[in-house]
There are 2 protein chains.
Amino acid sequence: MKRITIKDVAQKAQVSVATVSRVINNNYPVSDKTRHNVLLAINELNFQPNGIARSLKRNFTSMIGLVIPDITNPYFMSIGKGIESVVSKRGYVIILCNTDENLDKEINSLKILSEKRVDAIILTTSSEDNDHIKELINKGIPVVLVDRKIKGFNTDVVINDNFGSSYLLTKHIIQKGHRDICIVNGLLNVSTGKERFEGFKAAMEEHNIPIKSEFILNGNFNSKIAYNEVKKLLKNGYRPTAIIAANNLMAEGVMLAILEEKLSIPNDISLVAFEEIRNQELITPKVTYINQNGFLMGQKAGELVLEKINNNLNGLKRHGREIILVPDLVIRDSVKTLN
Amino acid sequence: MKRITIKDVAQKAQVSVATVSRVINNNYPVSDKTRHNVLLAINELNFQPNGIARSLKRNFTSMIGLVIPDITNPYFMSIGKGIESVVSKRGYVIILCNTDENLDKEINSLKILSEKRVDAIILTTSSEDNDHIKELINKGIPVVLVDRKIKGFNTDVVINDNFGSSYLLTKHIIQKGHRDICIVNGLLNVSTGKERFEGFKAAMEEHNIPIKSEFILNGNFNSKIAYNEVKKLLKNGYRPTAIIAANNLMAEGVMLAILEEKLSIPNDISLVAFEEIRNQELITPKVTYINQNGFLMGQKAGELVLEKINNNLNGLKRHGREIILVPDLVIRDSVKTLN
DNA sequence: GTGAAAGCGCTAACAT
DNA sequence: ATGTTAGCGCTTTCAC
């Protein structure tokens with residue numbers, strides 16, 4: 001089952017391998033006649049150039065590594081789709097790695113991608129640690145962070161304005177008259193989780209509303225955990241007038257907990273969230289949320305990474321760029337106006 | 001930004017490149033002393049073997065191509081996760097390609113993967129056509145079809161028993177007294193869509209229930225299309241007592257259409273589906289469905305593909321294997337008992 | 001136990 | 001316009 005090589009084609013077409021290479025790549029003059037013959041041979045033999053050999057010689061692979069916490073999460077995969085939509089047009093292909101929010105897996109994936117000599121890596125990191133990322137950059141691999149950034153660290157990054165939108169979201173419910181507001185936080189060691197919490201605190205502070213410590217819950221971006229936390233809160237008799245969930249999965253868990261306690265949204269408790277909950281259309285009430293456009297974020301990351309690869313080839317070094325997308329607030333039916 | 005090579009290591013450790021290779025691969029005797037020196041040099045230089053060069057020499061890449069219709073669909077990505085969970089343990093990495101149910105994109109992806117010399121390809125095809133797949137196999141690339149198979153064509157395949165579970169599902173509602181049953185089909189040119197329709201017809205026939213042509217709808221596995229079709233049906237005054245949706249996305253569309261018409265599920269119309277609708281827990285009523293285990297399917301496909309790669313390396317040719325998973329019927333609250 | 005060298009399939013500089 | 005050849009970074013056979 002030996003695969004056809006450029007040599008076989010050369011032989012069949014009675015030319016040198018160099019000539020075959022020239023017609024494949026169409027980058028040097030070849031007479032029409034020989035070109036024709038070579039093309040004929042290629043077709044007859046059903047020859048396909050060996051990408052591996054090409055990569056070795058050319059020193060690039062046309063592969064981009066994508067490392068994300070959960071390939072089963074539609075939000076992350078919409079980012080992936082956005083990336084693919086732009087890079088595939090330039091012939092790039094994506095190697096996908098799943099980390100399950102696990103730093104060790106992340107480090108391992110990065111190592112493998114580096115060995116595979118991908119031309120660049122797009123990463124949604126699960127840690128605030130940056131040593132493993134610095135190492136990549138030292139090796140000369142372009143890295144773009146997406147969705148989550150790392151503090152005090154200069155790489156290209158595409159993120160949402162998490163602080164701002166959290167501030168906006170919190171302010172929205174404050175203006176509706178809420179003061180007893182509970183927040184279900186995500187992972188506080190990743191930027192999205194942290195900044196959403198910060199935005200919340202800023203808005204509360206601005207309105208001089210004290211934050212009750214029992215109203216600060218930790219949901220780890222996980223539906224089940226959020227469910228349990230809120231369930232416990234309600235069982236203990238606490239009654240916030242509103243709950244903020246720092247992502248869609250947790251919002252789903254929170255919603256379930258509230259409904260199971262026979263409380264009504266928004267009559268008893270209002271609910272707002274980051275990202276749209278799944279199947280929103282079929283769920284009552286529709287939840288007010290911060291609308292994040294994963295596909296767009298992916299596209300931006302794709303463009304950025306292509307640019308970086310290009311700079312890299314030309315030996316250019318650009319300062320890390322930060323693209324901040326501003327998601328909008330979608331007001332639906334899950335917030336009650338108090339007073 | 002030149003990367004460290006085996007040569008640099010050899011120089012630093014004062015040995016030949018062959019020796020360095022030997023300690024990297026740990027496959028030939030090396031004295032402890034030299035091994036130590038080499039390891040030291042590797043560490044100091046932060047050397048990472050060039051996977052591309054390795055692949056060229058060894059004639060395998062440790063890459064597996066995965067081609068699916070929609071990387072944003074959690075069902076497909078749970079298959080992907082299942083695959084990853086088994087192949088990553090053996091050092092394989094996945095190149096992911098999205099086809100949008102488009103044959104041209106599928107063909108193009110396959111071509112690129114073949115050029116990249118992936119060790120195998122796992123494919124959920126969007127067509128009944130098989131020429132492009134045969135070509136791959138002729139090139140000697142192991143191919144495993146997943147979720148969807150192709151008729152009259154002998155490759156390894158991992159699928160659900162779509163006919164059987166559709167038959168089961170249909171029978172279930174027939175036994176509940178339904179006779180005016182409407183089916184919203186998926187793509188009829190892919191096996192899942194076709195076989196689900198066949199299973200439906202078989203059950204109906206067995207019970208001597210005539211199928212009304214106006215109750216055969218085409219939803220193309222697409223939520224929006226299913227919504228429109230059912231909406232039209234209801235607007236025209238038709239009233240099936242039950243609707244079968246051939247996948248979860250279409251079930252969601254159907255549900256929305258029914259509810260918008262101010263009809264009740266299951267009081268006015270019963271609804272059953274393939275695959276669980278998203279966020280089932282928060283939706284009333286909970287829909288009776290056929291439970292497909294994507295992760296398991298992925299694992300099976302992963303095991304199969306590893307086996308095939310192995311056979312391929314050893315020049316073995318095995319007959320195509322067909323692994324059929326039997327999904328179960330999950331009974332919830334969306335079917336009314338008639339009479 | 002170790003080194004020299006051929007060669008994987010291709011590209012590109014150099015020669016003609 | 002075309003051919004010859006070195007070499008990308010590695011593995012592995014052969015020799016010592």
# chains A, B, ... in the order shown; residues from 1 in each chain; ligands from 1
>>> residues_around(residues="Lys317 in chain A", least_positions_apart="6", cutoff="12 Å", atoms="only C-alpha atoms (C1' of nucleotides)", output="list in words")
Ile137, Gly140, Ile141, Pro142, Thr155, Asp156, Glu307, Lys308, Ile309, Asn310 and Asn311 of chain A; Met1 of chain B
>>> select_by_dssp(residues="range 92-316 of chain B", states="strand (DSSP E or B)", output="ChimeraX atom specification")
/B:93-98,120-123,143-146,156-160,181-185,216-218,242-245,270-274,288-291
>>> write_last_selection(atoms="N, CA and C atoms", output="CSV table (one decimal), in the first residue's frame")
chain,number,residue,atom,x,y,z
B,93,VAL,N,-4.0,12.6,18.4
B,93,VAL,CA,-4.6,13.9,18.4
B,93,VAL,C,-5.6,14.0,17.3
B,94,ILE,N,-6.6,14.9,17.5
B,94,ILE,CA,-7.7,14.9,16.5
B,94,ILE,C,-7.7,16.2,15.7
B,95,ILE,N,-7.8,16.0,14.4
B,95,ILE,CA,-8.0,17.2,13.5
B,95,ILE,C,-9.5,17.2,13.2
B,96,LEU,N,-10.1,18.3,13.6
B,96,LEU,CA,-11.6,18.4,13.5
B,96,LEU,C,-12.0,19.2,12.3
B,97,CYS,N,-12.9,18.6,11.5
B,97,CYS,CA,-13.5,19.3,10.3
B,97,CYS,C,-15.0,19.4,10.4
B,98,ASN,N,-15.5,20.6,10.1
B,98,ASN,CA,-16.9,20.8,10.1
B,98,ASN,C,-17.4,20.8,8.6
B,120,ALA,N,-5.8,7.9,10.3
B,120,ALA,CA,-7.2,7.3,10.1
B,120,ALA,C,-8.2,8.4,10.1
B,121,ILE,N,-9.4,8.1,9.6
B,121,ILE,CA,-10.4,9.2,9.5
B,121,ILE,C,-11.7,8.6,10.1
B,122,ILE,N,-12.3,9.4,11.0
B,122,ILE,CA,-13.7,9.0,11.5
B,122,ILE,C,-14.6,10.0,10.9
B,123,LEU,N,-15.7,9.5,10.3
B,123,LEU,CA,-16.5,10.4,9.5
B,123,LEU,C,-18.0,10.2,9.7
B,143,VAL,N,-10.8,4.0,7.5
B,143,VAL,CA,-12.0,4.9,7.7
B,143,VAL,C,-13.0,4.2,8.6
B,144,VAL,N,-13.5,4.9,9.5
B,144,VAL,CA,-14.6,4.4,10.4
B,144,VAL,C,-15.7,5.4,10.2
B,145,LEU,N,-16.9,4.9,9.9
B,145,LEU,CA,-18.1,5.7,9.8
B,145,LEU,C,-18.7,5.7,11.2
B,146,VAL,N,-19.2,6.9,11.6
B,146,VAL,CA,-19.9,6.9,12.9
B,146,VAL,C,-21.2,7.6,12.8
B,156,ASP,N,-15.9,-0.2,8.4
B,156,ASP,CA,-16.3,-0.3,9.8
B,156,ASP,C,-17.2,0.9,10.1
B,157,VAL,N,-18.1,0.6,10.9
B,157,VAL,CA,-19.1,1.6,11.2
B,157,VAL,C,-19.7,1.4,12.6
B,158,VAL,N,-19.9,2.5,13.3
B,158,VAL,CA,-20.6,2.5,14.6
B,158,VAL,C,-21.8,3.3,14.5
B,159,ILE,N,-22.9,2.6,14.7
B,159,ILE,CA,-24.2,3.3,14.6
B,159,ILE,C,-25.2,2.9,15.7
B,160,ASN,N,-26.3,3.6,15.8
B,160,ASN,CA,-27.4,3.2,16.6
B,160,ASN,C,-28.3,2.3,15.8
B,181,ILE,N,-50.9,9.6,13.4
B,181,ILE,CA,-49.5,9.9,13.9
B,181,ILE,C,-48.8,10.6,12.7
B,182,CYS,N,-48.1,11.7,13.1
B,182,CYS,CA,-47.4,12.5,12.1
B,182,CYS,C,-45.9,12.3,12.4
B,183,ILE,N,-45.1,12.2,11.3
B,183,ILE,CA,-43.7,12.1,11.6
B,183,ILE,C,-42.9,13.2,10.9
B,184,VAL,N,-42.0,13.8,11.6
B,184,VAL,CA,-41.2,14.9,11.0
B,184,VAL,C,-39.8,14.2,10.8
B,185,ASN,N,-39.6,13.9,9.5
B,185,ASN,CA,-38.3,13.2,9.1
B,185,ASN,C,-37.1,14.1,9.1
B,216,ILE,N,-46.6,13.1,6.7
B,216,ILE,CA,-45.2,12.9,6.5
B,216,ILE,C,-44.5,14.2,6.2
B,217,LEU,N,-43.8,14.7,7.2
B,217,LEU,CA,-43.2,16.0,7.0
B,217,LEU,C,-41.7,15.9,6.9
B,218,ASN,N,-41.1,16.9,6.3
B,218,ASN,CA,-39.6,16.9,6.1
B,218,ASN,C,-39.0,18.0,6.9
B,242,ALA,N,-50.5,12.6,17.6
B,242,ALA,CA,-49.2,12.5,18.1
B,242,ALA,C,-48.2,12.9,16.9
B,243,ILE,N,-47.0,13.4,17.3
B,243,ILE,CA,-46.0,13.7,16.4
B,243,ILE,C,-44.7,13.1,16.8
B,244,ILE,N,-44.0,12.5,15.8
B,244,ILE,CA,-42.7,11.9,16.1
B,244,ILE,C,-41.6,12.8,15.4
B,245,ALA,N,-40.7,13.3,16.2
B,245,ALA,CA,-39.6,14.1,15.6
B,245,ALA,C,-38.3,13.3,15.5
B,270,SER,N,-49.6,14.6,21.3
B,270,SER,CA,-48.5,14.0,22.0
B,270,SER,C,-47.2,14.2,21.2
B,271,LEU,N,-46.1,14.1,21.9
B,271,LEU,CA,-44.8,14.4,21.1
B,271,LEU,C,-43.8,13.4,21.6
B,272,VAL,N,-43.1,12.8,20.7
B,272,VAL,CA,-41.9,12.0,21.1
B,272,VAL,C,-40.7,12.3,20.2
B,273,ALA,N,-39.5,12.0,20.6
B,273,ALA,CA,-38.4,12.4,19.8
B,273,ALA,C,-37.2,11.4,19.9
B,274,PHE,N,-36.3,11.6,19.0
B,274,PHE,CA,-35.0,11.0,19.0
B,274,PHE,C,-34.0,11.9,19.7
B,288,THR,N,-40.9,12.3,26.0
B,288,THR,CA,-40.5,10.9,25.9
B,288,THR,C,-39.6,10.8,24.7
B,289,TYR,N,-38.4,10.1,24.8
B,289,TYR,CA,-37.4,10.1,23.8
B,289,TYR,C,-36.6,8.8,23.7
B,290,ILE,N,-35.9,8.7,22.6
B,290,ILE,CA,-34.9,7.7,22.4
B,290,ILE,C,-33.6,8.2,22.8
B,291,ASN,N,-33.0,7.5,23.8
B,291,ASN,CA,-31.8,8.1,24.4
B,291,ASN,C,-30.5,7.5,23.7
>>> closest_atom_pairs(of="chain C", to="range 2-17 of chain A", cutoff="12 Å", atoms="only C-alpha atoms (C1' of nucleotides)", output="CSV")
residue,atom,partner,partner_atom,distance
C:DC8,C1',A:Thr5,CA,10.9
C:DG9,C1',A:Thr5,CA,6.8
C:DC10,C1',A:Ile6,CA,7.9
C:DT11,C1',A:Val17,CA,10.1
C:DA12,C1',A:Val17,CA,11.9
>>> select_by_dssp(residues="range 88-330 of chain B", states="helix (DSSP H, G or I)", output="PyMOL selection string")
chain B and resi 88-90+103-115+131-138+162-175+191-206+213-215+223-235+248-260+280-282+294-313
>>> closest_residue(among="B:Phe197, B:Tyr28, B:Tyr238, B:Tyr75", to="chain D", atoms="only C-alpha atoms (C1' of nucleotides)")
B:Tyr28
>>> interface_residues(of="chain D", to="chain B", cutoff="8 Å", atoms="only C-alpha atoms (C1' of nucleotides)", output="JSON, numbers by chain")
{"D": [9, 10, 11]}
>>> residues_around(residues="Gly82 in chain A", least_positions_apart="6", cutoff="8 Å", atoms="only C-alpha atoms (C1' of nucleotides)", output="PDB file with N, CA and C atoms, in the first residue's frame")
ATOM      1  N   GLY A 294     -20.196  33.972  20.614  1.00  0.00           N
ATOM      2  CA  GLY A 294     -19.042  33.089  20.500  1.00  0.00           C
ATOM      3  C   GLY A 294     -18.488  33.026  19.093  1.00  0.00           C
ATOM      4  N   PHE A 295     -19.374  32.955  18.126  1.00  0.00           N
ATOM      5  CA  PHE A 295     -18.933  32.845  16.740  1.00  0.00           C
ATOM      6  C   PHE A 295     -18.073  34.053  16.353  1.00  0.00           C
ATOM      7  N   LEU A 296     -18.566  35.230  16.718  1.00  0.00           N
ATOM      8  CA  LEU A 296     -17.822  36.453  16.421  1.00  0.00           C
ATOM      9  C   LEU A 296     -16.463  36.442  17.111  1.00  0.00           C
ATOM     10  N   MET A 297     -16.477  36.016  18.357  1.00  0.00           N
ATOM     11  CA  MET A 297     -15.223  35.947  19.103  1.00  0.00           C
ATOM     12  C   MET A 297     -14.236  35.017  18.392  1.00  0.00           C
ATOM     13  N   GLY A 298     -14.762  33.894  17.913  1.00  0.00           N
ATOM     14  CA  GLY A 298     -13.925  32.965  17.166  1.00  0.00           C
ATOM     15  C   GLY A 298     -13.371  33.594  15.900  1.00  0.00           C
ATOM     16  N   GLN A 299     -14.214  34.309  15.213  1.00  0.00           N
ATOM     17  CA  GLN A 299     -13.745  34.955  13.983  1.00  0.00           C
ATOM     18  C   GLN A 299     -12.612  35.925  14.271  1.00  0.00           C
ATOM     19  N   LYS A 300     -12.817  36.723  15.311  1.00  0.00           N
ATOM     20  CA  LYS A 300     -11.776  37.689  15.686  1.00  0.00           C
ATOM     21  C   LYS A 300     -10.474  36.967  16.033  1.00  0.00           C
ATOM     22  N   GLY A 302      -9.560  34.109  15.011  1.00  0.00           N
ATOM     23  CA  GLY A 302      -9.020  33.568  13.762  1.00  0.00           C
ATOM     24  C   GLY A 302      -8.238  34.613  12.992  1.00  0.00           C
TER      25      GLY A 302
END
>>> residues_around(residues="DA1 in chain D", least_positions_apart="5", cutoff="7 Å", atoms="only C-alpha atoms (C1' of nucleotides)", output="PDB file with C-alpha atoms, in the first residue's frame")
ATOM      1  CA  PRO A  29       7.825  28.767 -15.199  1.00  0.00           C
ATOM      2  CA  VAL A  30       6.995  25.458 -16.844  1.00  0.00           C
ATOM      3  CA  SER A  31       6.171  24.997 -20.494  1.00  0.00           C
TER       4      SER A  31
END
>>> residues_around(residues="Ile107 in chain B", least_positions_apart="5", cutoff="9 Å", atoms="only C-alpha atoms (C1' of nucleotides)", output="list in words")
Thr99, Asn102, Ile112, His132 and Ile133 of chain B
>>> write_last_selection(atoms="C-alpha atoms", output="PDB file, in the first residue's frame")
ATOM      1  CA  THR B  99     -19.015  20.135   6.985  1.00  0.00           C
ATOM      2  CA  ASN B 102     -22.427  19.867   2.810  1.00  0.00           C
ATOM      3  CA  ILE B 112      -6.920  17.826   3.174  1.00  0.00           C
ATOM      4  CA  HIS B 132     -15.018   9.882  -2.173  1.00  0.00           C
ATOM      5  CA  ILE B 133     -14.874   7.437   0.699  1.00  0.00           C
TER       6      ILE B 133
END
>>> closest_residue(among="B:Ile323, B:Leu103, B:Leu316, B:Ile283", to="chain A", atoms="only C-alpha atoms")
B:Ile283
>>> residues_around(residues="Asp131 in chain B", least_positions_apart="2", cutoff="12 Å", atoms="only C-alpha atoms (C1' of nucleotides)", output="PyMOL selection string")
chain B and resi 103+107+110+125+127-129+133-138+150+153
>>> atom_distance(atom1="CA of Ser213 in chain A", atom2="CA of Phe200 in chain A")
13.4 Å
>>> atom_distance(atom1="CA of Lys105 in chain B", atom2="CA of Phe76 in chain B")
17.0 Å
>>> interface_residues(of="chain C", to="chain B", cutoff="7 Å", atoms="only C-alpha atoms (C1' of nucleotides)", output="PyMOL selection string")
chain C and resi 1-3+8
>>> atom_distance(atom1="CA of Val287 in chain A", atom2="CA of Asp333 in chain A")
6.0 Å
>>> closest_residue(among="B:Lys139, B:His172, B:Lys151, B:Lys232", to="chain A", atoms="only C-alpha atoms")
B:Lys139
